[in-house]
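Note: the block below is target-v3.pdb and it holds PDB, C-alpha atoms, pLDDT in the B column.
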ATOM      1  CA  MET A   1    -161.809-146.271  35.331  1.00 43.00           C
ATOM      2  CA  ASN A   2    -159.331-144.019  33.508  1.00 47.00           C
ATOM      3  CA  LEU A   3    -160.945-141.230  31.524  1.00 41.00           C
ATOM      4  CA  PRO A   4    -159.083-139.240  28.899  1.00 41.00           C
ATOM      5  CA  PRO A   5    -158.206-135.689  29.982  1.00 43.00           C
ATOM      6  CA  VAL A   6    -160.802-133.043  29.173  1.00 38.00           C
ATOM      7  CA  LEU A   7    -159.455-130.850  26.415  1.00 37.00           C
ATOM      8  CA  PRO A   8    -160.501-127.211  26.091  1.00 42.00           C
ATOM      9  CA  ASP A   9    -162.881-126.422  23.268  1.00 44.00           C
ATOM     10  CA  ALA A  10    -161.152-125.409  20.064  1.00 43.00           C
ATOM     11  CA  PRO A  11    -161.515-121.708  19.355  1.00 48.00           C
ATOM     12  CA  ALA A  12    -164.419-120.873  17.062  1.00 64.00           C
ATOM     13  CA  SER A  13    -163.298-120.150  13.506  1.00 71.00           C
ATOM     14  CA  ASN A  14    -165.492-117.053  13.432  1.00 83.00           C
ATOM     15  CA  VAL A  15    -163.911-115.371  16.492  1.00 82.00           C
ATOM     16  CA  VAL A  16    -160.593-113.505  16.438  1.00 84.00           C
ATOM     17  CA  GLY A  17    -159.662-111.605  19.593  1.00 84.00           C
ATOM     18  CA  GLU A  18    -162.482-109.174  20.359  1.00 83.00           C
ATOM     19  CA  THR A  19    -164.214-109.629  16.998  1.00 86.00           C
ATOM     20  CA  THR A  20    -166.877-112.136  15.938  1.00 88.00           C
ATOM     21  CA  SER A  21    -168.215-112.764  12.441  1.00 89.00           C
ATOM     22  CA  ILE A  22    -171.621-114.141  11.488  1.00 91.00           C
ATOM     23  CA  THR A  23    -172.403-115.348   7.967  1.00 92.00           C
ATOM     24  CA  LEU A  24    -175.955-116.273   6.952  1.00 93.00           C
ATOM     25  CA  PHE A  25    -177.451-117.737   3.801  1.00 93.00           C
ATOM     26  CA  THR A  26    -181.252-117.448   3.617  1.00 95.00           C
ATOM     27  CA  THR A  27    -183.729-118.433   0.911  1.00 95.00           C
ATOM     28  CA  GLN A  28    -185.788-115.537  -0.453  1.00 95.00           C
ATOM     29  CA  ARG A  29    -189.528-115.518  -1.056  1.00 93.00           C
ATOM     30  CA  TRP A  30    -190.573-114.926  -4.677  1.00 91.00           C
ATOM     31  CA  TRP A  31    -191.211-111.207  -4.114  1.00 92.00           C
ATOM     32  CA  GLY A  32    -187.748-110.673  -2.596  1.00 90.00           C
ATOM     33  CA  ARG A  33    -186.331-110.751  -6.113  1.00 88.00           C
ATOM     34  CA  ALA A  34    -187.887-107.304  -6.765  1.00 89.00           C
ATOM     35  CA  VAL A  35    -187.863-105.833  -3.249  1.00 91.00           C
ATOM     36  CA  MET A  36    -184.267-106.532  -2.193  1.00 92.00           C
ATOM     37  CA  PRO A  37    -182.489-104.850  -5.150  1.00 92.00           C
ATOM     38  CA  ALA A  38    -184.686-101.772  -4.614  1.00 91.00           C
ATOM     39  CA  LEU A  39    -183.795-101.796  -0.903  1.00 90.00           C
ATOM     40  CA  PHE A  40    -180.068-101.981  -1.726  1.00 89.00           C
ATOM     41  CA  VAL A  41    -180.366 -99.039  -4.142  1.00 90.00           C
ATOM     42  CA  ALA A  42    -182.236 -96.988  -1.528  1.00 88.00           C
ATOM     43  CA  ALA A  43    -179.616 -97.754   1.152  1.00 84.00           C
ATOM     44  CA  ARG A  44    -176.794 -96.639  -1.178  1.00 84.00           C
ATOM     45  CA  ALA A  45    -178.653 -93.498  -2.326  1.00 87.00           C
ATOM     46  CA  ALA A  46    -179.634 -92.432   1.207  1.00 82.00           C
ATOM     47  CA  PRO A  47    -176.893 -93.526   3.651  1.00 76.00           C
ATOM     48  CA  GLY A  48    -178.882 -91.893   6.459  1.00 76.00           C
ATOM     49  CA  LEU A  49    -181.166 -94.937   6.337  1.00 69.00           C
ATOM     50  CA  LEU A  50    -178.334 -96.928   7.932  1.00 73.00           C
ATOM     51  CA  LYS A  51    -177.576 -94.299  10.592  1.00 76.00           C
ATOM     52  CA  ALA A  52    -179.191 -96.372  13.355  1.00 74.00           C
ATOM     53  CA  MET A  53    -176.916 -99.301  12.490  1.00 74.00           C
ATOM     54  CA  ASP A  54    -173.883 -97.023  12.593  1.00 72.00           C
ATOM     55  CA  SER A  55    -174.962 -95.878  16.068  1.00 74.00           C
ATOM     56  CA  LEU A  56    -174.359 -99.444  17.296  1.00 75.00           C
ATOM     57  CA  SER A  57    -170.671 -98.799  17.822  1.00 79.00           C
ATOM     58  CA  PHE A  58    -169.863-102.498  18.185  1.00 86.00           C
ATOM     59  CA  ILE A  59    -170.545-103.279  14.478  1.00 86.00           C
ATOM     60  CA  SER A  60    -167.477-102.841  12.274  1.00 86.00           C
ATOM     61  CA  PHE A  61    -168.825-104.252   9.009  1.00 86.00           C
ATOM     62  CA  ALA A  62    -172.097-105.500   7.534  1.00 86.00           C
ATOM     63  CA  SER A  63    -172.813-106.646   3.986  1.00 89.00           C
ATOM     64  CA  TRP A  64    -175.855-108.065   2.175  1.00 91.00           C
ATOM     65  CA  SER A  65    -175.666-109.698  -1.272  1.00 92.00           C
ATOM     66  CA  LEU A  66    -178.192-111.476  -3.460  1.00 93.00           C
ATOM     67  CA  ILE A  67    -177.028-114.849  -4.760  1.00 92.00           C
ATOM     68  CA  ARG A  68    -178.625-116.481  -7.796  1.00 91.00           C
ATOM     69  CA  GLU A  69    -175.786-118.800  -8.836  1.00 89.00           C
ATOM     70  CA  LEU A  70    -173.065-120.798  -7.091  1.00 85.00           C
ATOM     71  CA  PRO A  71    -169.899-122.386  -8.488  1.00 83.00           C
ATOM     72  CA  TYR A  72    -169.799-126.170  -8.547  1.00 77.00           C
ATOM     73  CA  ASN A  73    -167.319-128.915  -9.345  1.00 76.00           C
ATOM     74  CA  GLY A  74    -167.431-128.931 -13.089  1.00 71.00           C
ATOM     75  CA  PRO A  75    -165.795-127.143 -15.987  1.00 74.00           C
ATOM     76  CA  PRO A  76    -163.867-124.001 -14.985  1.00 70.00           C
ATOM     77  CA  GLN A  77    -166.162-121.028 -14.390  1.00 74.00           C
ATOM     78  CA  ALA A  78    -169.181-123.379 -14.200  1.00 78.00           C
ATOM     79  CA  LEU A  79    -172.128-122.017 -12.227  1.00 83.00           C
ATOM     80  CA  HIS A  80    -175.167-123.752 -10.825  1.00 84.00           C
ATOM     81  CA  ARG A  81    -178.320-121.642 -11.036  1.00 86.00           C
ATOM     82  CA  LEU A  82    -180.278-121.800  -7.775  1.00 87.00           C
ATOM     83  CA  ARG A  83    -184.011-122.490  -7.840  1.00 89.00           C
ATOM     84  CA  HIS A  84    -184.590-119.561  -5.452  1.00 91.00           C
ATOM     85  CA  GLN A  85    -182.641-116.374  -4.905  1.00 92.00           C
ATOM     86  CA  HIS A  86    -180.700-116.326  -1.605  1.00 94.00           C
ATOM     87  CA  LEU A  87    -179.592-113.512   0.678  1.00 94.00           C
ATOM     88  CA  PHE A  88    -175.960-113.738   1.777  1.00 94.00           C
ATOM     89  CA  PHE A  89    -175.244-111.688   4.916  1.00 93.00           C
ATOM     90  CA  GLU A  90    -171.978-111.097   6.715  1.00 92.00           C
ATOM     91  CA  VAL A  91    -171.411-108.992   9.825  1.00 91.00           C
ATOM     92  CA  HIS A  92    -168.348-108.380  12.010  1.00 89.00           C
ATOM     93  CA  PHE A  93    -168.833-107.062  15.541  1.00 89.00           C
ATOM     94  CA  ASN A  94    -167.470-106.944  19.085  1.00 88.00           C
ATOM     95  CA  GLY A  95    -169.154-109.071  21.723  1.00 83.00           C
ATOM     96  CA  SER A  96    -171.029-112.335  21.790  1.00 83.00           C
ATOM     97  CA  TRP A  97    -173.399-113.737  19.189  1.00 82.00           C
ATOM     98  CA  ALA A  98    -176.435-113.379  21.490  1.00 83.00           C
ATOM     99  CA  GLN A  99    -175.513-109.804  22.510  1.00 84.00           C
ATOM    100  CA  TYR A 100    -175.257-108.770  18.847  1.00 85.00           C
ATOM    101  CA  ILE A 101    -178.672-110.160  17.947  1.00 85.00           C
ATOM    102  CA  ASP A 102    -180.377-108.915  21.106  1.00 84.00           C
ATOM    103  CA  SER A 103    -179.029-105.351  20.693  1.00 84.00           C
ATOM    104  CA  SER A 104    -179.669-105.290  16.951  1.00 84.00           C
ATOM    105  CA  VAL A 105    -183.320-106.346  17.100  1.00 84.00           C
ATOM    106  CA  ARG A 106    -184.081-103.766  19.778  1.00 83.00           C
ATOM    107  CA  VAL A 107    -182.385-100.813  18.028  1.00 83.00           C
ATOM    108  CA  LEU A 108    -182.864-101.869  14.383  1.00 84.00           C
ATOM    109  CA  THR A 109    -186.343-103.399  14.546  1.00 85.00           C
ATOM    110  CA  GLY A 110    -187.547-101.748  11.313  1.00 85.00           C
ATOM    111  CA  GLY A 111    -184.284-102.420   9.493  1.00 83.00           C
ATOM    112  CA  MET A 112    -184.310-106.074  10.503  1.00 86.00           C
ATOM    113  CA  ARG A 113    -187.847-106.377   9.167  1.00 89.00           C
ATOM    114  CA  SER A 114    -186.803-104.650   5.899  1.00 88.00           C
ATOM    115  CA  PHE A 115    -183.680-106.728   5.254  1.00 89.00           C
ATOM    116  CA  TRP A 116    -184.938-110.100   6.492  1.00 90.00           C
ATOM    117  CA  GLY A 117    -188.678-109.840   5.779  1.00 92.00           C
ATOM    118  CA  SER A 118    -188.351-111.468   2.368  1.00 93.00           C
ATOM    119  CA  SER A 119    -186.492-114.476   3.789  1.00 95.00           C
ATOM    120  CA  VAL A 120    -188.391-117.736   4.125  1.00 94.00           C
ATOM    121  CA  THR A 121    -189.065-118.666   7.801  1.00 93.00           C
ATOM    122  CA  PHE A 122    -188.334-115.089   9.019  1.00 94.00           C
ATOM    123  CA  PRO A 123    -190.153-114.910  12.390  1.00 94.00           C
ATOM    124  CA  GLY A 124    -190.012-111.125  12.801  1.00 91.00           C
ATOM    125  CA  PRO A 125    -187.366-109.304  14.834  1.00 89.00           C
ATOM    126  CA  LEU A 126    -189.167-109.386  18.170  1.00 88.00           C
ATOM    127  CA  PRO A 127    -189.239-111.218  20.440  1.00 87.00           C
ATOM    128  CA  ALA A 128    -185.502-111.846  20.134  1.00 85.00           C
ATOM    129  CA  ALA A 129    -185.502-115.617  20.881  1.00 87.00           C
ATOM    130  CA  PRO A 130    -187.194-116.747  17.611  1.00 90.00           C
ATOM    131  CA  PHE A 131    -184.988-114.329  15.651  1.00 89.00           C
ATOM    132  CA  GLN A 132    -181.900-115.798  17.340  1.00 88.00           C
ATOM    133  CA  GLN A 133    -183.111-119.251  16.280  1.00 91.00           C
ATOM    134  CA  PHE A 134    -183.599-117.975  12.705  1.00 92.00           C
ATOM    135  CA  PHE A 135    -179.978-116.764  12.694  1.00 89.00           C
ATOM    136  CA  SER A 136    -178.757-120.035  14.172  1.00 89.00           C
ATOM    137  CA  ASP A 137    -180.683-122.103  11.614  1.00 92.00           C
ATOM    138  CA  HIS A 138    -179.191-120.197   8.666  1.00 93.00           C
ATOM    139  CA  GLU A 139    -175.675-119.527   9.899  1.00 92.00           C
ATOM    140  CA  VAL A 140    -172.857-120.817   7.701  1.00 89.00           C
ATOM    141  CA  ASP A 141    -169.758-122.194   9.414  1.00 85.00           C
ATOM    142  CA  LEU A 142    -166.567-120.382   8.491  1.00 81.00           C
ATOM    143  CA  SER A 143    -163.356-122.211   7.732  1.00 80.00           C
ATOM    144  CA  HIS A 144    -161.311-119.030   8.228  1.00 79.00           C
ATOM    145  CA  TYR A 145    -161.854-115.494   9.486  1.00 78.00           C
ATOM    146  CA  TYR A 146    -159.305-112.665   9.433  1.00 81.00           C
ATOM    147  CA  CYS A 147    -159.435-109.450  11.457  1.00 82.00           C
ATOM    148  CA  ALA A 148    -156.800-106.709  11.041  1.00 84.00           C
ATOM    149  CA  TYR A 149    -157.073-105.481  14.646  1.00 84.00           C
ATOM    150  CA  PRO A 150    -158.185-108.513  16.682  1.00 83.00           C
ATOM    151  CA  GLU A 151    -157.606-107.009  20.145  1.00 86.00           C
ATOM    152  CA  ALA A 152    -159.279-103.673  19.368  1.00 87.00           C
ATOM    153  CA  THR A 153    -162.976-102.919  19.554  1.00 86.00           C
ATOM    154  CA  VAL A 154    -164.729-100.761  16.960  1.00 84.00           C
ATOM    155  CA  THR A 155    -164.764 -97.896  19.488  1.00 86.00           C
ATOM    156  CA  ILE A 156    -160.986 -98.164  19.996  1.00 89.00           C
ATOM    157  CA  VAL A 157    -160.318 -98.151  16.226  1.00 87.00           C
ATOM    158  CA  ARG A 158    -162.611 -95.147  15.646  1.00 87.00           C
ATOM    159  CA  SER A 159    -160.983 -93.270  18.538  1.00 91.00           C
ATOM    160  CA  ALA A 160    -157.505 -94.033  17.189  1.00 92.00           C
ATOM    161  CA  LEU A 161    -158.414 -92.738  13.724  1.00 93.00           C
ATOM    162  CA  GLU A 162    -159.877 -89.536  15.156  1.00 94.00           C
ATOM    163  CA  LEU A 163    -156.852 -89.071  17.432  1.00 94.00           C
ATOM    164  CA  GLU A 164    -154.483 -89.524  14.480  1.00 95.00           C
ATOM    165  CA  GLU A 165    -156.335 -86.833  12.525  1.00 95.00           C
ATOM    166  CA  ARG A 166    -156.260 -84.408  15.482  1.00 94.00           C
ATOM    167  CA  LEU A 167    -152.571 -85.123  16.113  1.00 94.00           C
ATOM    168  CA  ASP A 168    -151.739 -84.401  12.458  1.00 94.00           C
ATOM    169  CA  MET A 169    -153.587 -81.061  12.692  1.00 93.00           C
ATOM    170  CA  PHE A 170    -151.768 -80.225  15.939  1.00 93.00           C
ATOM    171  CA  ALA A 171    -148.388 -81.074  14.365  1.00 92.00           C
ATOM    172  CA  HIS A 172    -149.082 -78.616  11.521  1.00 92.00           C
ATOM    173  CA  ARG A 173    -150.115 -75.899  14.007  1.00 91.00           C
ATOM    174  CA  ALA A 174    -147.166 -76.643  16.300  1.00 89.00           C
ATOM    175  CA  ALA A 175    -144.695 -75.934  13.501  1.00 89.00           C
ATOM    176  CA  LEU A 176    -145.968 -72.344  13.504  1.00 90.00           C
ATOM    177  CA  LEU A 177    -145.907 -71.863  17.302  1.00 89.00           C
ATOM    178  CA  ARG A 178    -143.276 -69.943  19.192  1.00 87.00           C
ATOM    179  CA  GLU A 179    -141.286 -72.126  21.578  1.00 85.00           C
ATOM    180  CA  ASP A 180    -142.780 -70.461  24.664  1.00 86.00           C
ATOM    181  CA  ALA A 181    -146.356 -71.138  23.422  1.00 90.00           C
ATOM    182  CA  PHE A 182    -145.871 -74.842  22.675  1.00 92.00           C
ATOM    183  CA  ASP A 183    -146.326 -76.151  26.268  1.00 90.00           C
ATOM    184  CA  ALA A 184    -149.697 -74.447  26.677  1.00 92.00           C
ATOM    185  CA  ALA A 185    -150.859 -75.627  23.242  1.00 92.00           C
ATOM    186  CA  TRP A 186    -149.756 -79.221  24.009  1.00 93.00           C
ATOM    187  CA  ASP A 187    -151.541 -79.197  27.381  1.00 91.00           C
ATOM    188  CA  ALA A 188    -154.722 -77.938  25.667  1.00 91.00           C
ATOM    189  CA  PHE A 189    -154.421 -80.646  23.000  1.00 92.00           C
ATOM    190  CA  ILE A 190    -154.003 -83.418  25.613  1.00 92.00           C
ATOM    191  CA  ALA A 191    -156.957 -82.137  27.656  1.00 92.00           C
ATOM    192  CA  ASP A 192    -159.150 -82.025  24.538  1.00 91.00           C
ATOM    193  CA  ALA A 193    -158.059 -85.491  23.371  1.00 91.00           C
ATOM    194  CA  GLN A 194    -158.630 -87.293  26.711  1.00 90.00           C
ATOM    195  CA  ARG A 195    -161.786 -89.090  25.572  1.00 89.00           C
ATOM    196  CA  LEU A 196    -159.815 -90.593  22.679  1.00 89.00           C
ATOM    197  CA  LEU A 197    -156.923 -91.911  24.781  1.00 83.00           C
TER     198      LEU A 197
END

In structure tokens, how does this file's structure come out?
Amino acid sequence: MNLPPVLPDAPASNVVGETTSITLFTTQRWWGRAVMPALFVAARAAPGLLKAMDSLSFISFASWSLIRELPYNGPPQALHRLRHQHLFFEVHFNGSWAQYIDSSVRVLTGGMRSFWGSSVTFPGPLPAAPFQQFFSDHEVDLSHYYCAYPEATVTIVRSALELEERLDMFAHRAALLREDAFDAAWDAFIADAQRLL
């Protein structure tokens, strides 16, 4: 019996190099209509509330939006009003889907409860397995995903930005150095910048 050759799986449309994107669309409970806008205002007014998320150095971007209407095939600019408000979430990160969720629920337990608690069928952040299923059930397939630095992790990009800033400062200082002092200053700069290289 001749079997067709096994072809490799097509690359996922939500993975580019080192970066993965997850997009979710969840239905909100009736009280989410009041709670979620207040939560968004609080997060903007007090950025320290998101400090724990920023400490997860593998997350490059996260966004939450409330959706009440969607465009549909009709007259231009036509919108279909949804029966229930929905939460639209997008996150870009380094690593696998399961690693992202597992790390996030352990470090951001309270934040996960705050942002997802008003979503219908939210099982709570822990244990991680039901929360992973919740994400899987509400994930939206992407037709396209773009990443500016596909082979770089968030840590590499942050290090490069910090190194660029330090190098600019050194260049300004170096213009004022005597020629015989430059070698020592350069050696000190390189030693100080090692963690960024």

List every residue of segment 41-140 of chain A that has an atom at most 6 Å from any atom of segment 17-20 of chain A, and for each one report the closest atom pair and its distance in Å to one decimal, counting all atoms listed in the file, with rows sorted by chain and then by increasing residue number, as a tab-separated table.
residue	atom	partner	partner_atom	distance
A:His92	CA	A:Thr20	CA	5.6
A:Phe93	CA	A:Thr20	CA	5.5
A:Asn94	CA	A:Thr19	CA	4.7

Target residues per the PyMOL selection byres ((chain A and resi 26-39) around 7), formatted as a short mmCIF file (atom, residue, chain, number, x, y, z; two decimals) with C-alpha atoms, keeping the file's coordinate frame:
data_model
loop_
_atom_site.label_atom_id
_atom_site.label_comp_id
_atom_site.auth_asym_id
_atom_site.auth_seq_id
_atom_site.Cartn_x
_atom_site.Cartn_y
_atom_site.Cartn_z
CA LEU A 24 -175.96 -116.27 6.95
CA PHE A 25 -177.45 -117.74 3.80
CA PHE A 40 -180.07 -101.98 -1.73
CA VAL A 41 -180.37 -99.04 -4.14
CA ALA A 42 -182.24 -96.99 -1.53
CA ALA A 43 -179.62 -97.75 1.15
CA HIS A 84 -184.59 -119.56 -5.45
CA GLN A 85 -182.64 -116.37 -4.90
CA HIS A 86 -180.70 -116.33 -1.60
CA LEU A 87 -179.59 -113.51 0.68
CA PHE A 88 -175.96 -113.74 1.78
CA SER A 118 -188.35 -111.47 2.37
CA SER A 119 -186.49 -114.48 3.79
CA VAL A 120 -188.39 -117.74 4.12
CA HIS A 138 -179.19 -120.20 8.67
#

Just checking: using all atoms listed in the file, which residue out of A:Val15, A:Arg83, A:Trp64, A:Val107 ends up closest to Lys51 of chain A?
A:Val107

Using the chain letters and numbers from the file, give me the residues hit by the PyMOL selection byres ((chain A and resi 146-160) around 10), as a PyMOL selection string.
chain A and resi 13-21+56-61+92-95+144-145+161-166+193+195-197

Ranking A:Asp192, A:Ile22, A:Ala181, A:Gly74 by minimum distance to Ser96 of chain A and counting all atoms listed in the file, which one comes first?
A:Ile22

Ala62 of chain A proximity check over A:Val91, A:Ala128, A:Ala45, A:Ala78, using all atoms listed in the file: winner is A:Val91

Non-local contacts of Phe122 of chain A (9 Å; all atoms listed in the file; under 3 positions in same chain excluded) as a PyMOL selection string:
chain A and resi 113+116-119+125+130-131+134
